[in-house]
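Visitor: Following this message is one structure expressed as C-alpha cells.
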Amino acid sequence: MADKTASKKHHEPLIHIVKRDDLAGWQAWLIRIATIIVALIFVGFLSMLVTEKGFFETYKIMYSGVFGRLLQGSTKMLWKYLQEIAILLCLALALTPAFKMKFWNCGAEGQALMGGLASIFCMIEFGDKLSYGALIAVICITSIVAGAVWGVIPAIFKALFNTNETLFTLMMNYIATQIIAYYVYIEGGGSNVINPVSAGNFPAVGNNDYFVNILTVTIITVVMYIYLKYSKQGYEISVVGESQNTAKYIGINVKKVIIRTMAISGALCGVTGMLLVAGKDHSINTNLVGGQGFTAILMSWLGQFNPFIMVIMTAIVVFLRIGVAKVADSSLLNSSFSEIMVGIVILMLVGCEFFIQYSIRFRHKNKEVKA
Amino acid sequence: MKKILAVLLALLMVLSFAACTKSGTEETSTDADKQNAVAVEDVKVGFIFLHDEQSTYDKNFMDAAKKACEEMNVEYAQKTQIPESKDCYDAAVELIEVDGCNVIFADSFGHESFLMDAAKEYSDVQFCHATGTQAHTAGLANFHNAFASIYEGRFLAGVAAGLKLNEMIDAGEITADKAKMGYVGAFTFAEVISGYTSFYLGAKSVCPSVTMDVKFTGSWYDEQAEKEAAQALIAGGCVLISQHADSMGAPTACETAGVPNVSYNGSTVAACPNTFIVSSRIDWTPYFKYMITCVQNGEAIDTDWTGTIKTGSVVLTDVNEAAAAEGTAAKLEEVKAKLLDGSLNVFDTATFTVGGKALESYKADVDTDANFEKDTEVVENGVFFESKHRSAPYFDVEIDGINLLDRNYG
C-alpha cells in the first residue's frame with residue numbers, strides 16, 4: 001500500500017522514451033522498409049495535392065522520369081540513373097572510413113572539386129602532349145593526390161593541434177570553390193564557361209559514356225566493404241572511432257590512423273571529381289558536385305557505414321530526386337519542389353532511426369487496476 | 001522470421017516491377033502513336049532553362065514559351081535550373097527520351113557546346129539555342145542559334161532617356177554639360193557593350209552633349225551589387241540611370257533617390273512609379289512560333305536567326321507618362337519608323353568617334369575559336385553592321401563619350 005501512495009504522488013508523464021536493446025536486426029529492417037514505403041506514399045500524396053494529378057499518375061511519371069523508355073529498349077535513362085547513383089555512392093563511400101573513425105569530414109564537396117580540378121588541368125595542359133594511356137594515368141594519379149591533399153590538411157591539424165575538423169573541412173570547401181571559380185575565369189576567356197575538352201575522356205563502352213564510371217564505383221564499393229570489415233586498417237579505424245584511449249593502450253598510432261584515413265577519404269572524393277570531369281562533364285564549374293558532398297554524409301549514415309546498404313539508400317534517394325523532379329517539371333512547377341520532397345524523405349529516414357534506437361511508452365491508465 | 005522478411009521483400013519487388021510494367025506498356029502505345037507521323041499536332045517542344053521564374057532573364061523566356069505553345073496549341077515540356085554543364089546534355093536527352101520532344105530549346109550561352117553534343121546524337125531532333133555563336137560554323141543541320149537586334153530597342157530607350165535629359169536642361173535643373181547618364185552593366189562583354197553603346201547613341205541623337213559613366217557588377221544577377229553600383233553612379237553626378245543586369249537593384253535604387261531610370265527585360269513601373277521611363281526587352285514568342293512552324297512543315301530552321309523590331313522580337317513597354325518627358329511616345333514612334341525603313345542605322349559611324357577618330361574599318365570576333373581571333377570586317381558604307389554576320393552581338397568598341405569606371409570580365 002505504501003508503494004501505491006508513492007506512485008500516486010509521483011507524477012508520471014504521458015509519454016516517455018526508453019532506449020531499446022532488445023530489437024532484432026530483422027525488426028529494425030522492417031521499420032526501415034515500412035518507413036520507405038510510408039515516405040513514398042507520402043511523397044505521392046503531396047505531389048498529388050500540389051500537381052492535381054492522380055495518385056498513381058505521379059508514380060508513373062516518377063518511373064518514366066528515371067527509366068524513360070526502358071521497356072521499349074532504350075537504356076539511355078537507366079544508365080544515367082546508374083551514373084547518378086555511382087557519383088553519390090562514391091562520395092558516401094569516401095566519407096565512410098572517416099565517419100567510422102568519428103572524424104566528421106564535411107569536406108567531400110571541396111575534395112571532389114580539387115580532384116576534378118586536377119583532371120581538367122591535365123586534360124587541358126597535357127591533352128596534346130601525352131599519349132592517351134599516359135594521359136589517363138596522369139589524370140588518375142593527380143586527381144587522387146589532389147583530393148587526398150585536400151583531405152589530409154585538416155587531418156594533420158586535427159592530429160597535431162586537435163582543431164575542430166567539422167569547421168575545418170567545411171571551410172576548405174569554400175576555398176576549393178573559389179579556386180575553381182578562378183581557374184574557370186582564366187581558362188574560360190571571359191565567357192565564364194570552359195568548353196568541353198575532348199582529350200583525356202574516359203572511353204565509351206558500347207556507345208555508353210558512363211560504363212567506366214559505374215564499373216569504377218562498383219569496384220570501390222566491394223573493396224571498401226572488404227577494407228572496413230576484414231583488413232587490419234579497417235579494424236584500427238573502428239577502434240579509434242570507439243575510443244582513442246583504447247586505441248592508444250593497445251598500441252595503435254592514433255595520429256597516423258587519422259591522417260591515413262583522411263588521405264583515403266580525400267583520395268576517394270578526388271576520384272569522384274575525376275569521374276565527374278573525365279567521365280561525364282569534360283569541363284568544370286563551381287557547381288560540379290552540386291551539393292552531393294553533403295547529401296553523401298546522410299547516405300553514409302543511413303547506410304550505417306555498410307557499403308552495400310549505402311547502395312540501396314543512394315538508389316532510393318536518387319530515384320526520388322530524379323522522379324520527383326520529373327513530376328515537378330511535368331506540372332511546370334518550380335524545381336525547389338523536388339528538393340523539398342527529397343528533404344522530407346531523408347528526414348523521415350533519419351527519424352526512423354530514432355524509433356529503432358528508442359521506443360516510446362505511454363502512461364498506463366489502468367495501472368492501478370492491475371496493481 | 002528471416003524467411004518472412006525474405007518473402008515480404010520478394011513480394012515488394014514483384015509488385016513494384018508489376019507496377020512499372022503496367023505504366024510502361026501504356027506509354028508504349030502513346031509513344032508509338034507519336035512516332036508514326038510527325039504531323040502538325042505532334043510537335044512537342046522541350047525547353048531548357050538556366051534558372052527558374054525568379055530570374056527576370058529566364059522568366060522572359062518562360063513566358064514566351066508558354067504563350068507561343070498555347071497560341072499554336074502545341075505540347076511542351078521544360079527543365080529548369082539546368083547548369084551550363086553536361087547536365088544540359090542530360091536534360092536534352094531526357095526531354096527527347098522521356099517526354100518525346102522533337103524540338104529542343106536552351107536559353108543560356110554556356111549551354112551551347114552541350115546542346116551540340118546532343119544534336120550530333122539525335123539528328124532527327126531540331127535544337128535551337130539563344131545567344132549562342134557556334135551554329136554558323138558548326139555544320140550541324142539540326143543545330144541553330146537565335147538572338148534579336150536588341151540594340152535597336154536600346155537605341156529607342158536611349159532616345160527616351162535623351163528627351164528626359166533635354167527636359168531637365170530646359171527646366172534649368174541641370175546645364176547641358178552636366179547631362180551625364182549612368183549605366184550598370186553585368187560584364188564587359190560584347191553583349192553588354194553593344195547594349196550600352198546603342199543606348200548612349202540613342203540619347204545622343206536627341207541630346208548631343210550627353211556623356212555616360214558605366215560600372216560593372218560581374219554578375220547577371222546580384223541585387224545588392226546592382227543597387228550599390230547605381231547609388232555610386234548617382235553619387236558621381238549621373239542624373240539618369242539604365243542597366244543591363246537582371247535584378248531590381250538599380251531600378252529600386254533610382255526610385256529611392258528619385259532619379260529617372262530606363263529599364264530592361266520588362267516594365268518596373270509597379271515598383272518604381274515615379275522614376276520608370278520605359279523598358280526594352282526581347283520577346284521570344286515570334287522565334288518560338290517560327291521554330292515550331294518550321295518543324296510542323298518540315299522546313300529548315302535558320303542556322304542563325306536574328307529577331308528585329310519588324311519580327312516583333314524587339315519591343316518596348318508602354319512609356320510611363322509620370323516620369324518621361326512630354327511627347328516621348330510620339331518621338332519613339334517616329335524613330336522606330338526610321339529604323340524600320342532603314343533610313344536610320346544605330347551604329348552609323350558618322351554619329352560616334354573612337355579615340356577622336358571616325359571608325360572606318362573594324363574586325364570583330366564573329367567565328368568562335370580558342371584565341372578570340374578578330375576575323376570578320378563589319379564596317380560597310382559607314383555603318384557598323386551588328387547582328388549581320390551572326391545573331392549574337394559582336395560590337396565591342398569603346399567609343400568616345402562613354403567612360404568605363406571599372407571593368408569586369410567574369
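By order of appearance in the C-alpha cells: chains A, B, ..., then residues from 1 within every chain, and ligands from 1 in the order shown.
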Could you pull the residues within 6 Å of region 212-216 of chain B, counting only C-alpha atoms, minus those fewer than 4 positions along the same chain, as a list in words?
Guide: Lys180, Met181, Gly182, Tyr183, Val184, Gly185, Ala186, Phe187, Ile402, Asn403, Leu404, Leu405, Asp406 and Asn408 of chain B
Visitor: Kindly save the residues from that selection, with C-alpha atoms included, as a PDB file, in the first residue's frame.
Guide:
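What landed in again_21.pdb:
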```pdb
ATOM      1  CA  LYS B 180      25.589  62.632 -67.607  1.00  0.00           C
ATOM      2  CA  MET B 181      23.903  59.235 -67.577  1.00  0.00           C
ATOM      3  CA  GLY B 182      24.936  56.163 -65.562  1.00  0.00           C
ATOM      4  CA  TYR B 183      24.803  52.549 -66.720  1.00  0.00           C
ATOM      5  CA  VAL B 184      25.017  49.401 -64.588  1.00  0.00           C
ATOM      6  CA  GLY B 185      26.333  46.503 -66.685  1.00  0.00           C
ATOM      7  CA  ALA B 186      26.948  42.880 -65.779  1.00  0.00           C
ATOM      8  CA  PHE B 187      30.196  42.053 -67.599  1.00  0.00           C
ATOM      9  CA  ILE B 402      31.359  56.741 -72.582  1.00  0.00           C
ATOM     10  CA  ASN B 403      33.573  56.443 -69.551  1.00  0.00           C
ATOM     11  CA  LEU B 404      34.146  52.968 -68.096  1.00  0.00           C
ATOM     12  CA  LEU B 405      34.639  53.389 -64.346  1.00  0.00           C
ATOM     13  CA  ASP B 406      35.681  49.748 -63.980  1.00  0.00           C
ATOM     14  CA  ASN B 408      34.691  43.016 -65.195  1.00  0.00           C
TER      15      ASN B 408
END
```
Visitor: Using only C-alpha atoms, what table do you get, as a tab-separated table, when you list each residue of chain A with an atom no more than 7 Å from chain B, its nearest pair of atoms, and their distance in Å rounded to one decimal, rows by chain then rising number?
Guide:
```
residue	atom	partner	partner_atom	distance
A:Trp26	CA	B:Lys2	CA	6.9
A:Lys60	CA	B:Ser23	CA	5.8
A:Tyr63	CA	B:Cys20	CA	6.9
A:Ser64	CA	B:Val98	CA	6.4
A:Gly65	CA	B:Val98	CA	6.3
A:Gly68	CA	B:Val98	CA	4.7
A:Arg69	CA	B:Val98	CA	6.5
A:Leu71	CA	B:Gly24	CA	6.4
A:Gln72	CA	B:Thr28	CA	6.9
A:Tyr185	CA	B:Gly410	CA	6.3
A:Gly190	CA	B:Tyr409	CA	5.0
A:Asn192	CA	B:Gly410	CA	6.1
A:Val193	CA	B:Gly110	CA	6.0
A:Asn195	CA	B:Ser113	CA	6.5
A:Lys280	CA	B:Lys86	CA	6.7
A:Asp281	CA	B:Lys86	CA	4.8
A:Asp329	CA	B:Gln78	CA	6.0
A:Ser330	CA	B:Ala77	CA	6.5
A:Leu332	CA	B:Gln78	CA	7.0
A:Asn334	CA	B:Asp52	CA	6.8
A:Ser335	CA	B:Thr80	CA	6.4
```
Visitor: Work out how far apart CA of Ala134 (chain A) and CA of Ser119 (chain A) are and give it in Å to one decimal.
Guide: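 CA of Ser119 (chain A) lies at a distance of 13.0 Å from CA of Ala134 (chain A).
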Visitor: Just list the residues in region 233-270 of chain B DSSP gives helix (DSSP H, G or I) on the backbone, as a list of chain:residue names.
Guide: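 Result set for region 233-270 of chain B (helix (DSSP H, G or I)): B:Leu233, B:Ile234, B:Ala235, B:Gly249, B:Ala250, B:Pro251, B:Thr252, B:Ala253, B:Cys254, B:Glu255, B:Thr256, B:Ala257.
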Visitor: Could you list, as a PyMOL selection string, every residue within 7 Å of region 277-285 of chain B, counting only C-alpha atoms and ignoring same-chain residues fewer than 3 positions away?
Guide: chain B and resi 61+64-65+67-68+148+150+153-154+157+260-267+288-289+313-320+323-324
Visitor: From the list A:Thr177, A:Asn245, A:Asn201, A:Ser265, which residue is nearest Ala137 (chain A) when using only C-alpha atoms?
Guide: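 Closest to Ala137 (chain A), using only C-alpha atoms: A:Asn201.
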Visitor: What residues in region 196-277 of chain B get the DSSP label strand (DSSP E)? Please answer as a PDB file with N, CA and C atoms, in the first residue's frame.
Guide:
```pdb
ATOM      1  N   THR B 211      26.964  62.577 -71.893  1.00  0.00           N
ATOM      2  CA  THR B 211      28.070  61.645 -71.641  1.00  0.00           C
ATOM      3  C   THR B 211      27.531  60.522 -70.748  1.00  0.00           C
ATOM      4  N   MET B 212      28.332  59.478 -70.562  1.00  0.00           N
ATOM      5  CA  MET B 212      27.825  58.358 -69.755  1.00  0.00           C
ATOM      6  C   MET B 212      28.948  57.667 -68.986  1.00  0.00           C
ATOM      7  N   ASP B 213      28.673  57.327 -67.721  1.00  0.00           N
ATOM      8  CA  ASP B 213      29.583  56.515 -66.905  1.00  0.00           C
ATOM      9  C   ASP B 213      29.030  55.088 -66.834  1.00  0.00           C
ATOM     10  N   VAL B 214      29.930  54.096 -66.880  1.00  0.00           N
ATOM     11  CA  VAL B 214      29.490  52.694 -66.810  1.00  0.00           C
ATOM     12  C   VAL B 214      30.196  51.994 -65.661  1.00  0.00           C
ATOM     13  N   LYS B 215      29.437  51.229 -64.893  1.00  0.00           N
ATOM     14  CA  LYS B 215      30.012  50.371 -63.848  1.00  0.00           C
ATOM     15  C   LYS B 215      29.560  48.934 -64.064  1.00  0.00           C
ATOM     16  N   PHE B 216      30.459  47.986 -63.786  1.00  0.00           N
ATOM     17  CA  PHE B 216      30.115  46.578 -63.977  1.00  0.00           C
ATOM     18  C   PHE B 216      30.043  45.845 -62.632  1.00  0.00           C
ATOM     19  N   LEU B 240      20.567  60.218 -64.714  1.00  0.00           N
ATOM     20  CA  LEU B 240      19.635  59.234 -65.263  1.00  0.00           C
ATOM     21  C   LEU B 240      20.380  57.896 -65.317  1.00  0.00           C
ATOM     22  N   ILE B 241      19.680  56.826 -64.956  1.00  0.00           N
ATOM     23  CA  ILE B 241      20.350  55.521 -64.871  1.00  0.00           C
ATOM     24  C   ILE B 241      19.657  54.508 -65.777  1.00  0.00           C
ATOM     25  N   SER B 242      20.459  53.642 -66.412  1.00  0.00           N
ATOM     26  CA  SER B 242      19.896  52.476 -67.084  1.00  0.00           C
ATOM     27  C   SER B 242      20.756  51.281 -66.706  1.00  0.00           C
ATOM     28  N   GLN B 243      20.308  50.054 -67.030  1.00  0.00           N
ATOM     29  CA  GLN B 243      21.081  48.892 -66.590  1.00  0.00           C
ATOM     30  C   GLN B 243      20.935  47.701 -67.532  1.00  0.00           C
ATOM     31  N   HIS B 244      21.927  46.826 -67.494  1.00  0.00           N
ATOM     32  CA  HIS B 244      21.859  45.558 -68.197  1.00  0.00           C
ATOM     33  C   HIS B 244      22.285  44.469 -67.219  1.00  0.00           C
ATOM     34  N   ASN B 261      14.885  56.295 -64.448  1.00  0.00           N
ATOM     35  CA  ASN B 261      15.514  55.020 -64.792  1.00  0.00           C
ATOM     36  C   ASN B 261      14.912  54.467 -66.082  1.00  0.00           C
ATOM     37  N   VAL B 262      15.794  54.000 -66.978  1.00  0.00           N
ATOM     38  CA  VAL B 262      15.364  53.289 -68.179  1.00  0.00           C
ATOM     39  C   VAL B 262      15.697  51.825 -67.946  1.00  0.00           C
ATOM     40  N   SER B 263      14.691  50.955 -67.994  1.00  0.00           N
ATOM     41  CA  SER B 263      14.866  49.584 -67.528  1.00  0.00           C
ATOM     42  C   SER B 263      15.103  48.597 -68.665  1.00  0.00           C
ATOM     43  N   TYR B 264      15.213  47.329 -68.298  1.00  0.00           N
ATOM     44  CA  TYR B 264      15.456  46.271 -69.279  1.00  0.00           C
ATOM     45  C   TYR B 264      14.735  45.006 -68.843  1.00  0.00           C
ATOM     46  N   PHE B 276      10.394  55.267 -63.345  1.00  0.00           N
ATOM     47  CA  PHE B 276      10.488  54.382 -64.504  1.00  0.00           C
ATOM     48  C   PHE B 276      10.034  55.123 -65.763  1.00  0.00           C
ATOM     49  N   ILE B 277      10.894  55.171 -66.783  1.00  0.00           N
ATOM     50  CA  ILE B 277      10.535  55.868 -68.026  1.00  0.00           C
ATOM     51  C   ILE B 277      10.000  54.871 -69.053  1.00  0.00           C
TER      52      ILE B 277
END
```
Visitor: Please list as a PyMOL selection string every residue within 9 Å of Arg390 (chain B), counting only C-alpha atoms and excluding residues in the same chain fewer than 4 positions away.
Guide: chain B and resi 133+136+145-147+304-306+366-367+386+394
Visitor: Can you pull out the residues contacting Thr295 (chain A)? Cut-off 10 Å, using only C-alpha atoms, and skip same-chain residues under 2 positions away; I want them as a ChimeraX atom specification.
Guide: /A:88-89,91-92,108-109,290-293,297-300,314,317,343,346
Visitor: Excluding same-chain residues fewer than 6 positions from Met116 (chain B), what lies within 9 Å of it counting only C-alpha atoms, as a PyMOL selection string?
Guide: chain B and resi 89+127+135+138+140+143
